[in-house]
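One file, query.txt, carrying compact mmCIF, C-alpha atoms:
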```txt
# COMPACT_ATOMS: atom_id res chain seq x y z
CA MET A 1 61.03 7.21 2.12
CA ALA A 2 62.75 3.86 1.73
CA GLU A 3 62.69 3.41 5.46
CA ALA A 4 58.96 4.23 5.54
CA GLU A 5 58.35 1.70 2.77
CA SER A 6 60.22 -1.00 4.65
CA SER A 7 58.40 -0.32 7.89
CA THR A 8 55.08 -0.64 6.06
CA GLY A 9 55.30 -4.38 6.33
CA PHE A 10 55.41 -4.07 10.09
CA ASN A 11 52.76 -1.42 10.32
CA ILE A 12 49.94 -3.33 8.71
CA HIS A 13 48.32 -5.58 11.28
CA PRO A 14 44.90 -6.20 9.75
CA MET A 15 44.06 -8.85 12.31
CA ASP A 16 44.93 -6.83 15.42
CA GLN A 17 41.45 -5.31 15.46
CA PHE A 18 39.98 -8.75 16.11
CA GLN A 19 42.01 -9.38 19.24
CA ILE A 20 40.13 -10.09 22.40
CA LYS A 21 41.46 -8.15 25.37
CA PRO A 22 40.34 -7.98 28.96
CA LEU A 23 38.62 -4.72 29.78
CA PHE A 24 40.36 -4.26 33.11
CA GLY A 25 44.11 -4.77 33.23
CA ALA A 26 45.86 -7.61 31.48
CA GLY A 27 46.19 -11.26 32.13
CA GLU A 28 44.56 -14.51 31.25
CA ILE A 29 41.09 -14.49 29.72
CA HIS A 30 38.77 -16.74 31.71
CA TRP A 31 35.30 -17.55 30.52
CA TYR A 32 33.84 -14.92 32.85
CA THR A 33 36.42 -12.18 32.24
CA PRO A 34 34.77 -8.96 31.00
CA THR A 35 36.45 -8.30 27.66
CA ASN A 36 35.92 -6.06 24.66
CA VAL A 37 33.50 -8.76 23.48
CA THR A 38 31.44 -8.09 26.61
CA LEU A 39 31.62 -4.34 26.10
CA TRP A 40 30.47 -4.34 22.48
CA MET A 41 27.75 -6.90 23.07
CA LEU A 42 26.54 -4.74 25.95
CA ILE A 43 26.56 -1.71 23.65
CA ALA A 44 24.51 -3.68 21.13
CA VAL A 45 21.96 -4.53 23.82
CA VAL A 46 21.85 -0.90 24.95
CA VAL A 47 21.37 0.36 21.39
CA ALA A 48 18.65 -2.24 20.79
CA THR A 49 16.94 -1.14 24.00
CA VAL A 50 17.19 2.54 23.10
CA LEU A 51 15.83 1.93 19.62
CA LEU A 52 13.15 -0.65 20.32
CA VAL A 53 12.06 0.11 23.88
CA ILE A 54 12.76 3.79 24.53
CA GLY A 55 12.15 4.67 20.88
CA THR A 56 8.66 3.19 21.00
CA ARG A 57 7.64 4.42 24.45
CA GLY A 58 5.27 6.99 22.93
CA ARG A 59 3.14 4.15 21.47
CA ALA A 60 1.96 6.79 19.04
CA VAL A 61 -0.52 5.96 16.30
CA ILE A 62 1.43 8.41 14.18
CA PRO A 63 4.97 7.23 14.94
CA SER A 64 7.99 9.32 15.81
CA ARG A 65 11.16 8.74 13.79
CA SER A 66 12.69 6.18 16.12
CA GLN A 67 9.35 4.40 16.53
CA SER A 68 9.06 4.34 12.76
CA VAL A 69 12.47 2.64 12.47
CA ALA A 70 11.52 0.10 15.13
CA GLU A 71 8.22 -0.60 13.37
CA MET A 72 9.94 -1.00 10.02
CA MET A 73 12.38 -3.53 11.46
CA TYR A 74 9.55 -5.37 13.15
CA GLY A 75 7.48 -5.40 9.98
CA PHE A 76 10.45 -6.44 7.85
CA VAL A 77 11.34 -9.48 9.97
CA TYR A 78 7.70 -10.35 10.69
CA LYS A 79 6.87 -10.40 6.99
CA MET A 80 9.99 -12.43 6.26
CA VAL A 81 9.08 -15.06 8.84
CA GLU A 82 5.48 -15.15 7.65
CA ASP A 83 6.40 -15.39 3.97
CA VAL A 84 9.01 -18.11 4.39
CA THR A 85 7.56 -20.29 7.14
CA GLY A 86 3.87 -19.48 7.06
CA LYS A 87 1.69 -18.80 10.08
CA GLU A 88 3.16 -21.62 12.17
CA GLY A 89 6.60 -20.02 12.11
CA LEU A 90 5.37 -16.82 13.76
CA LYS A 91 5.66 -18.53 17.15
CA TYR A 92 9.43 -18.34 16.75
CA PHE A 93 9.42 -14.76 15.53
CA PRO A 94 10.80 -13.26 18.78
CA TYR A 95 13.91 -15.42 18.64
CA ILE A 96 14.47 -14.75 14.94
CA PHE A 97 14.00 -11.04 15.57
CA THR A 98 16.53 -11.22 18.42
CA LEU A 99 19.04 -12.84 16.07
CA PHE A 100 18.41 -10.24 13.38
CA ILE A 101 18.73 -7.27 15.72
CA PHE A 102 21.83 -8.66 17.40
CA ILE A 103 23.64 -9.38 14.13
CA LEU A 104 22.55 -6.13 12.49
CA LEU A 105 23.65 -4.01 15.44
CA ALA A 106 26.89 -5.95 15.95
CA ASN A 107 27.74 -5.50 12.26
CA PHE A 108 26.95 -1.79 12.26
CA LEU A 109 28.63 -1.09 15.60
CA GLY A 110 31.69 -2.87 14.24
CA LEU A 111 31.87 -0.28 11.47
CA ILE A 112 32.57 2.48 13.99
CA PRO A 113 36.32 3.14 13.71
CA GLY A 114 38.17 1.68 16.67
CA SER A 115 35.30 -0.55 17.69
CA PHE A 116 35.31 -4.30 18.07
CA THR A 117 33.15 -6.43 15.80
CA THR A 118 31.68 -9.33 17.72
CA THR A 119 30.24 -10.97 14.61
CA SER A 120 33.68 -11.18 13.01
CA HIS A 121 34.47 -14.05 15.35
CA ILE A 122 33.69 -17.56 14.26
CA ALA A 123 33.06 -18.54 17.89
CA VAL A 124 30.17 -16.08 18.05
CA THR A 125 28.63 -16.87 14.67
CA ALA A 126 29.12 -20.61 15.22
CA VAL A 127 27.12 -20.42 18.44
CA LEU A 128 24.41 -18.47 16.66
CA ALA A 129 24.35 -20.95 13.78
CA MET A 130 24.52 -24.01 16.04
CA GLY A 131 21.68 -22.61 18.09
CA VAL A 132 19.59 -22.38 14.94
CA PHE A 133 20.75 -25.80 13.71
CA LEU A 134 20.08 -27.64 16.97
CA GLY A 135 16.85 -25.79 17.63
CA VAL A 136 15.52 -26.47 14.16
CA THR A 137 16.55 -30.14 14.20
CA ILE A 138 15.00 -30.78 17.60
CA LEU A 139 11.89 -28.88 16.57
CA GLY A 140 11.66 -30.93 13.37
CA PHE A 141 11.70 -34.20 15.29
CA VAL A 142 9.34 -32.95 17.99
CA LYS A 143 6.81 -31.62 15.47
CA ASN A 144 7.01 -34.35 12.86
CA GLY A 145 8.56 -37.37 14.59
CA THR A 146 10.29 -39.70 12.18
CA LYS A 147 8.52 -38.01 9.29
CA PHE A 148 11.17 -35.32 9.66
CA LEU A 149 13.58 -37.79 8.02
CA GLY A 150 11.44 -37.40 4.88
CA LEU A 151 13.46 -34.23 4.38
CA PHE A 152 16.32 -36.47 3.23
CA TRP A 153 14.19 -38.94 1.27
CA VAL A 154 13.28 -37.11 -1.93
CA SER A 155 10.03 -38.88 -2.82
CA SER A 156 9.65 -37.02 -6.09
CA ALA A 157 12.91 -38.51 -7.45
CA PRO A 158 13.20 -41.95 -9.11
CA LEU A 159 13.58 -44.72 -6.53
CA ALA A 160 17.09 -45.67 -7.65
CA LEU A 161 18.33 -42.13 -7.14
CA ARG A 162 16.82 -41.68 -3.71
CA PRO A 163 19.61 -43.25 -1.62
CA ILE A 164 22.23 -41.16 -3.39
CA LEU A 165 20.13 -38.04 -2.94
CA ALA A 166 19.61 -38.94 0.70
CA VAL A 167 23.37 -38.97 1.24
CA ILE A 168 23.73 -35.61 -0.50
CA GLU A 169 20.83 -34.13 1.45
CA LEU A 170 22.26 -35.43 4.71
CA ILE A 171 25.67 -33.95 4.02
CA SER A 172 24.17 -30.62 2.95
CA TYR A 173 22.06 -30.63 6.10
CA PHE A 174 25.07 -30.99 8.35
CA VAL A 175 27.07 -28.44 6.38
CA ARG A 176 24.34 -25.87 7.02
CA PRO A 177 25.63 -24.59 10.38
CA VAL A 178 29.17 -24.38 9.01
CA SER A 179 28.21 -22.28 5.99
CA HIS A 180 25.69 -20.36 8.06
CA SER A 181 28.34 -19.24 10.54
CA ILE A 182 31.37 -18.87 8.29
CA ARG A 183 29.43 -16.80 5.76
CA LEU A 184 28.68 -14.16 8.36
CA ALA A 185 32.03 -14.12 10.16
CA GLY A 186 33.97 -14.39 6.91
CA ASN A 187 32.19 -11.48 5.23
CA VAL A 188 32.53 -9.20 8.21
CA MET A 189 36.12 -10.15 8.96
CA ALA A 190 37.30 -9.85 5.35
CA GLY A 191 35.82 -6.39 4.95
CA HIS A 192 37.37 -5.10 8.14
CA ALA A 193 40.73 -6.64 7.29
CA VAL A 194 40.70 -5.06 3.83
CA ILE A 195 39.94 -1.65 5.31
CA LYS A 196 42.77 -2.10 7.76
CA VAL A 197 45.20 -3.09 5.01
CA PHE A 198 44.29 0.01 3.00
CA ALA A 199 44.67 2.07 6.16
CA GLY A 200 48.19 0.65 6.55
CA PHE A 201 49.01 1.74 2.99
CA ALA A 202 47.60 5.17 3.68
CA GLY A 203 50.00 5.57 6.57
CA ALA A 204 53.01 4.73 4.43
CA LEU A 205 52.37 6.43 1.09
CA GLY A 206 52.56 10.09 2.13
CA VAL A 207 50.89 12.28 -0.51
CA PHE A 208 49.69 9.27 -2.47
CA SER A 209 47.70 8.07 0.50
CA ILE A 210 44.74 9.74 -1.18
CA PHE A 211 44.27 6.56 -3.22
CA PRO A 212 44.04 4.17 -0.27
CA ILE A 213 41.77 6.69 1.45
CA ILE A 214 39.41 6.68 -1.55
CA SER A 215 39.55 2.89 -1.50
CA ILE A 216 38.77 2.84 2.22
CA THR A 217 35.77 5.07 1.59
CA ALA A 218 34.53 2.79 -1.17
CA VAL A 219 35.09 -0.40 0.82
CA TYR A 220 33.46 1.20 3.84
CA GLY A 221 30.37 1.92 1.77
CA LEU A 222 30.38 -1.67 0.64
CA GLU A 223 30.78 -2.81 4.24
CA VAL A 224 27.72 -0.84 5.30
CA LEU A 225 25.82 -2.77 2.66
CA VAL A 226 27.40 -6.07 3.71
CA ALA A 227 26.53 -5.41 7.36
CA ALA A 228 22.84 -5.17 6.53
CA ILE A 229 22.83 -7.89 3.89
CA GLN A 230 24.60 -10.45 6.06
CA ALA A 231 22.16 -9.83 8.90
CA TYR A 232 19.35 -10.32 6.38
CA VAL A 233 20.93 -13.44 4.90
CA PHE A 234 21.49 -15.02 8.31
CA THR A 235 17.90 -14.29 9.28
CA ILE A 236 16.28 -15.51 6.09
CA LEU A 237 18.35 -18.72 6.14
CA THR A 238 17.15 -19.24 9.71
CA CYS A 239 13.61 -18.90 8.39
CA VAL A 240 14.30 -21.34 5.56
CA TYR A 241 15.73 -23.93 7.98
CA LEU A 242 12.78 -23.39 10.30
CA ASN A 243 10.43 -23.92 7.39
CA ASP A 244 12.17 -27.24 6.64
CA ALA A 245 11.57 -28.29 10.22
CA LEU A 246 7.92 -27.29 10.15
CA HIS A 247 7.16 -28.67 6.69
CA PRO A 248 9.70 -31.43 6.01
CA SER A 249 8.01 -32.88 2.93
CA HIS A 250 9.59 -31.81 -0.31
CA MET B 1 60.54 2.15 15.17
CA ALA B 2 60.69 0.77 18.67
CA GLU B 3 56.98 1.22 18.98
CA THR B 4 56.18 -0.66 15.75
CA THR B 5 58.44 -3.50 16.79
CA HIS B 6 56.69 -3.63 20.10
CA GLY B 7 53.33 -3.69 18.32
CA ALA B 8 54.45 -6.51 16.07
CA ASP B 9 55.80 -8.47 19.02
CA HIS B 10 52.56 -7.97 20.86
CA ALA B 11 50.58 -9.22 17.90
CA VAL B 12 52.79 -12.25 17.51
CA GLU B 13 52.72 -13.24 21.15
CA SER B 14 49.01 -12.77 21.82
CA ALA B 15 47.51 -13.79 18.49
CA PRO B 16 49.46 -15.95 16.14
CA GLY B 17 47.67 -15.49 12.83
CA MET B 18 43.96 -15.06 13.22
CA PRO B 19 42.59 -14.12 16.62
CA GLN B 20 39.43 -15.89 15.44
CA LEU B 21 41.22 -19.23 15.76
CA ASP B 22 42.59 -18.57 19.24
CA PHE B 23 40.60 -21.24 21.02
CA SER B 24 41.53 -19.96 24.46
CA THR B 25 39.11 -17.06 24.03
CA PHE B 26 36.20 -19.23 22.88
CA PRO B 27 34.65 -19.92 26.29
CA ASN B 28 34.72 -16.22 27.05
CA GLN B 29 33.03 -15.25 23.79
CA ILE B 30 30.45 -18.01 24.00
CA PHE B 31 29.60 -17.15 27.59
CA TRP B 32 29.09 -13.46 26.90
CA LEU B 33 27.21 -14.17 23.68
CA LEU B 34 24.76 -16.42 25.51
CA VAL B 35 24.29 -13.81 28.24
CA THR B 36 23.70 -11.15 25.57
CA LEU B 37 21.24 -13.27 23.63
CA VAL B 38 19.23 -14.16 26.71
CA VAL B 39 19.11 -10.56 27.92
CA LEU B 40 18.26 -9.24 24.46
CA TYR B 41 15.62 -11.93 23.97
CA PHE B 42 13.92 -11.02 27.23
CA ILE B 43 14.02 -7.30 26.55
CA LEU B 44 12.58 -7.78 23.08
CA ASN B 45 10.10 -10.52 23.87
CA ARG B 46 8.80 -8.97 27.07
CA ILE B 47 8.77 -5.26 26.27
CA ALA B 48 9.63 -4.20 22.74
CA LEU B 49 7.81 -6.70 20.53
CA PRO B 50 4.44 -6.72 22.36
CA ARG B 51 4.52 -2.94 22.41
CA ILE B 52 5.24 -2.62 18.69
CA ALA B 53 2.66 -5.30 17.91
CA SER B 54 0.00 -3.47 19.92
CA VAL B 55 0.87 -0.16 18.28
CA LEU B 56 0.62 -1.73 14.83
CA ALA B 57 -2.67 -3.41 15.74
CA ASP B 58 -4.01 -0.12 17.10
CA ARG B 59 -3.03 1.66 13.94
CA GLN B 60 -4.58 -1.03 11.79
CA GLY B 61 -7.74 -0.76 13.89
CA ALA B 62 -7.77 3.03 13.60
CA ILE B 63 -7.31 2.87 9.85
CA GLN B 64 -10.04 0.25 9.56
CA ARG B 65 -12.34 2.35 11.72
CA ASP B 66 -11.68 5.41 9.61
CA LEU B 67 -12.31 3.46 6.43
CA ASP B 68 -15.52 2.06 7.86
CA SER B 69 -16.78 5.47 8.92
CA ALA B 70 -15.82 6.89 5.54
CA GLU B 71 -17.79 4.10 3.90
CA GLN B 72 -20.76 4.83 6.13
CA MET B 73 -20.59 8.54 5.41
CA LYS B 74 -20.45 7.81 1.73
CA ARG B 75 -23.53 5.66 2.06
CA GLN B 76 -25.27 8.42 4.01
CA ALA B 77 -24.36 10.94 1.35
CA LEU B 78 -25.77 8.64 -1.31
CA GLU B 79 -28.95 8.21 0.69
CA ALA B 80 -29.24 11.96 1.16
CA GLU B 81 -28.75 12.48 -2.55
CA GLU B 82 -31.42 9.92 -3.28
CA ALA B 83 -33.81 11.56 -0.84
CA TYR B 84 -33.08 14.93 -2.39
CA ASN B 85 -33.72 13.61 -5.86
CA LYS B 86 -36.92 11.98 -4.70
CA ALA B 87 -38.09 15.17 -3.04
CA LEU B 88 -37.27 17.08 -6.18
CA ALA B 89 -39.22 14.65 -8.34
CA ASP B 90 -42.15 14.78 -5.90
CA ALA B 91 -42.14 18.55 -5.93
CA ARG B 92 -42.03 18.55 -9.71
CA ALA B 93 -44.97 16.17 -9.90
CA GLN B 94 -46.87 18.22 -7.38
CA ALA B 95 -46.16 21.41 -9.28
CA GLN B 96 -47.33 19.69 -12.44
CA ASP B 97 -50.54 18.68 -10.69
CA ILE B 98 -51.11 22.18 -9.37
CA VAL B 99 -50.47 23.65 -12.80
CA GLY B 100 -52.90 21.14 -14.35
CA GLU B 101 -55.56 21.88 -11.76
CA ALA B 102 -55.14 25.58 -12.21
CA LYS B 103 -55.36 25.15 -15.95
CA ALA B 104 -58.54 23.10 -15.60
CA ASP B 105 -60.05 25.70 -13.25
CA ILE B 106 -59.17 28.51 -15.58
CA GLN B 107 -60.57 26.56 -18.52
CA LYS B 108 -63.77 25.97 -16.61
CA ASP B 109 -64.09 29.65 -15.68
CA LEU B 110 -63.25 30.60 -19.21
CA ASP B 111 -65.81 28.25 -20.65
CA LYS B 112 -68.41 29.60 -18.25
CA ALA B 113 -67.54 33.17 -19.14
CA ILE B 114 -67.60 32.40 -22.85
CA LEU B 115 -70.97 30.70 -22.48
CA LYS B 116 -72.34 33.64 -20.57
CA ALA B 117 -70.90 36.10 -23.04
CA ASP B 118 -72.31 34.08 -25.92
CA ALA B 119 -75.72 34.10 -24.28
CA GLU B 120 -75.52 37.83 -23.66
CA ILE B 121 -74.35 38.41 -27.21
CA ALA B 122 -77.20 36.30 -28.51
CA ALA B 123 -79.69 38.20 -26.35
CA LYS B 124 -78.31 41.53 -27.50
CA ALA B 125 -78.33 40.40 -31.13
CA ALA B 126 -81.98 39.31 -30.81
CA GLU B 127 -82.86 42.63 -29.20
CA SER B 128 -81.05 44.54 -31.93
CA GLU B 129 -82.71 42.46 -34.59
CA LYS B 130 -86.05 43.19 -33.06
CA ALA B 131 -85.21 46.90 -32.97
CA ILE B 132 -84.01 46.77 -36.57
CA LYS B 133 -87.21 45.00 -37.58
CA GLU B 134 -89.28 47.61 -35.82
CA ILE B 135 -87.33 50.33 -37.47
CA ARG B 136 -87.65 48.62 -40.84
CA ASP B 137 -91.38 48.09 -40.34
CA SER B 138 -91.93 51.65 -39.26
CA SER B 139 -89.76 52.91 -42.09
CA ALA B 140 -91.70 50.76 -44.60
CA LYS B 141 -94.98 52.20 -43.28
CA SER B 142 -93.60 55.70 -43.50
CA ILE B 143 -92.45 55.02 -47.05
CA GLN B 144 -95.96 53.78 -47.94
CA GLU B 145 -97.50 56.87 -46.38
CA VAL B 146 -95.01 59.09 -48.18
CA ALA B 147 -95.62 57.16 -51.43
CA ASN B 148 -99.39 57.41 -50.91
CA ALA B 149 -99.17 61.14 -50.33
CA ALA B 150 -96.78 61.60 -53.25
CA ALA B 151 -98.97 59.44 -55.52
CA ALA B 152 -102.15 61.33 -54.45
CA ASP B 153 -100.38 64.65 -55.06
CA ILE B 154 -99.20 63.46 -58.49
CA VAL B 155 -102.66 62.13 -59.41
CA LYS B 156 -104.30 65.37 -58.23
CA ALA B 157 -101.83 67.34 -60.26
CA MET B 158 -102.12 65.24 -63.41
CA MET B 159 -105.84 64.56 -63.40
CA PRO B 160 -107.65 66.72 -60.86
CA GLY B 161 -110.81 65.21 -59.45
CA SER B 162 -110.06 61.75 -60.61
CA GLY B 163 -109.30 58.88 -58.33
CA ASP B 164 -109.98 58.69 -54.69
CA ALA B 165 -107.54 58.11 -51.89
CA LYS B 166 -108.55 54.48 -51.50
CA THR B 167 -107.73 53.43 -55.05
CA ILE B 168 -104.42 55.22 -54.94
CA LYS B 169 -103.48 53.55 -51.70
CA ALA B 170 -104.28 50.09 -53.14
CA ALA B 171 -102.31 50.85 -56.25
CA VAL B 172 -99.25 52.01 -54.22
CA ALA B 173 -99.42 48.96 -51.98
CA ALA B 174 -99.57 46.69 -55.07
CA ARG B 175 -96.63 48.52 -56.51
CA LEU B 176 -94.56 48.35 -53.35
CA LYS B 177 -95.24 44.64 -53.04
CA GLY B 178 -94.33 43.91 -56.63
```

Same coordinates, now as structure tokens:
Amino acid sequence: MAEAESSTGFNIHPMDQFQIKPLFGAGEIHWYTPTNVTLWMLIAVVVATVLLVIGTRGRAVIPSRSQSVAEMMYGFVYKMVEDVTGKEGLKYFPYIFTLFIFILLANFLGLIPGSFTTTSHIAVTAVLAMGVFLGVTILGFVKNGTKFLGLFWVSSAPLALRPILAVIELISYFVRPVSHSIRLAGNVMAGHAVIKVFAGFAGALGVFSIFPIISITAVYGLEVLVAAIQAYVFTILTCVYLNDALHPSH
Amino acid sequence: MAETTHGADHAVESAPGMPQLDFSTFPNQIFWLLVTLVVLYFILNRIALPRIASVLADRQGAIQRDLDSAEQMKRQALEAEEAYNKALADARAQAQDIVGEAKADIQKDLDKAILKADAEIAAKAAESEKAIKEIRDSSAKSIQEVANAAAADIVKAMMPGSGDAKTIKAAVAARLKG
């Protein structure tokens, strides 16, 4: 028992699940190497296609189950974009929907035991967030010209406060992609790591492993929630940023 | 034990700390993410989203059509009810008219009949009166004759030879009148 306890420290590798490995053989990972990232992103695309393309192929007025799910997702994101950004934002709905579906599926696929969670990597979420940040910033300038800078000049505040507020607004604007990406990756990674830590305990505690197993179950339930909520949060923040770009006046 | 050590060694050599911060894998992840996003975007934007949008629009149209036709049917039902009520009222009025006419006709016939009956009754009454008068007259004459005879007999019996028939007759007539 003492030996098992001591080896517990070695057995728990909560971060191993996040390792990126080449799919075929070993060796250096080049930018084009097919890795487990490739595999699980491909699975996400396949699942999205099955759900949203094959699931809706009946085009039934009274939907089948899979068509109903696809319609609900469509309606959910469509309404979100419309509510937050107004009618003008609907032009960007396909991209926002792509983001939502990708993050949602990546999060949920990552909850399959033994799978790889692409959204747990800051490189992935940073690209997603930077894409939104750059796209929204460029769009803001293209749509509004220099008026877009009015976003930082709070005209409703007293004149003396405005420069200070402008600095704060500017900083918060540039922190957006950081918080946007780290929020998603951090949530997903932390949950998976916690589950893995409990799993390590379960392996070492013998009969008492029932407690870590209960904990794993509870945390897993929480993670299911987090998977959906983080996809929602990422999407709605994208909508909010897009709204700032379309309507920069405070 | 050997296996766990190997695992630990592996972890240490390939990922010191967080694999998330292993910058050597970043190009790989970014490349595959971009490929995934582009592919997913095209699948969704070209196939899935237009299809779902058209299905939703169709459904909305179907629902709207059904609601419209329901509205129209409701209107038709209301119209039919109105027409029915109107027909009923018309029929009632017509029946009332017919009843009134019939009543008037009957009244007219009745009046005519009553008039005729009255006339007949009057005629009969006059006839009867005439008959009664005749009877009375004849009976009065008979009474006079009987009285004359009786008076003559009485006079003859009381005072034979006195008084003639003419005097007696005058006396009886004066008596009957008085």

Which residue, A:Val167, A:Leu104, A:Ile236, A:Met189, has the smallest gap to chain B when you use all atoms listed in the file?
A:Met189

Using all atoms listed in the file, determine which residues of chain B fall within 9 Å of chain A; present them as a ChimeraX atom specification.
/B:1,4-5,7-8,11,14-15,17-21,23-34,36-37,39-41,43-45,47-49,51-56,58-59,62

Rounded to one decimal, what separation in Å do you get between atom CA of A:Leu151 and atom CA of A:Val175?
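For atom CA of A:Leu151 relative to atom CA of A:Val175, the distance reads 14.9 Å.
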
Between atom CA of B:Asn148 and atom CA of B:Ile135, what distance in Å does the model show, to one decimal?
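Computed distance, atom CA of B:Asn148 to atom CA of B:Ile135, equals 19.4 Å.
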
Excluding same-chain residues fewer than 2 positions from A:Leu225, what lies within 12 Å of it counting all atoms listed in the file, as a tab-separated table (two decimals) with C-alpha atoms, in the coordinates of the input?
```tsv
chain	number	residue	atom	x	y	z
A	104	LEU	CA	22.55	-6.13	12.49
A	107	ASN	CA	27.74	-5.50	12.26
A	108	PHE	CA	26.95	-1.79	12.26
A	111	LEU	CA	31.87	-0.28	11.47
A	187	ASN	CA	32.19	-11.48	5.23
A	188	VAL	CA	32.53	-9.20	8.21
A	191	GLY	CA	35.82	-6.39	4.95
A	218	ALA	CA	34.53	2.79	-1.17
A	219	VAL	CA	35.09	-0.40	0.82
A	220	TYR	CA	33.46	1.20	3.84
A	221	GLY	CA	30.37	1.92	1.77
A	222	LEU	CA	30.38	-1.67	0.64
A	223	GLU	CA	30.78	-2.81	4.24
A	227	ALA	CA	26.53	-5.41	7.36
A	228	ALA	CA	22.84	-5.17	6.53
A	229	ILE	CA	22.83	-7.89	3.89
A	230	GLN	CA	24.60	-10.45	6.06
A	231	ALA	CA	22.16	-9.83	8.90
A	232	TYR	CA	19.35	-10.32	6.38
A	233	VAL	CA	20.93	-13.44	4.90
```

How many Å lie between atom CA of B:Asp22 and atom CA of A:Leu134, rounded to one decimal?
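Value for the atom CA of B:Asp22-atom CA of A:Leu134 distance: 24.4 Å.
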
With all atoms listed in the file as the basis for distance, which of A:Val50, A:Trp40, A:Leu242, A:Val226 is at the shortest distance from A:Ile112?
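Ranked by minimum distance to A:Ile112, first place goes to A:Trp40.
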
Shell of 9 Å around stretch 169-176 of chain B, all atoms listed in the file, local chain residues under 4 positions omitted, as a list in words
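Surrounding residues, per the criterion: Gln144, Glu145, Ala147, Asn148, Ala149, Ala151, Ala152, Asp164 and Ala165 of chain B.
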
Measuring between only C-alpha atoms, which one of A:Ile171, A:Leu184, A:Met73, A:Ala199 shows the shortest distance to A:Ala129?
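Among the listed residues, A:Leu184 lies closest to A:Ala129.
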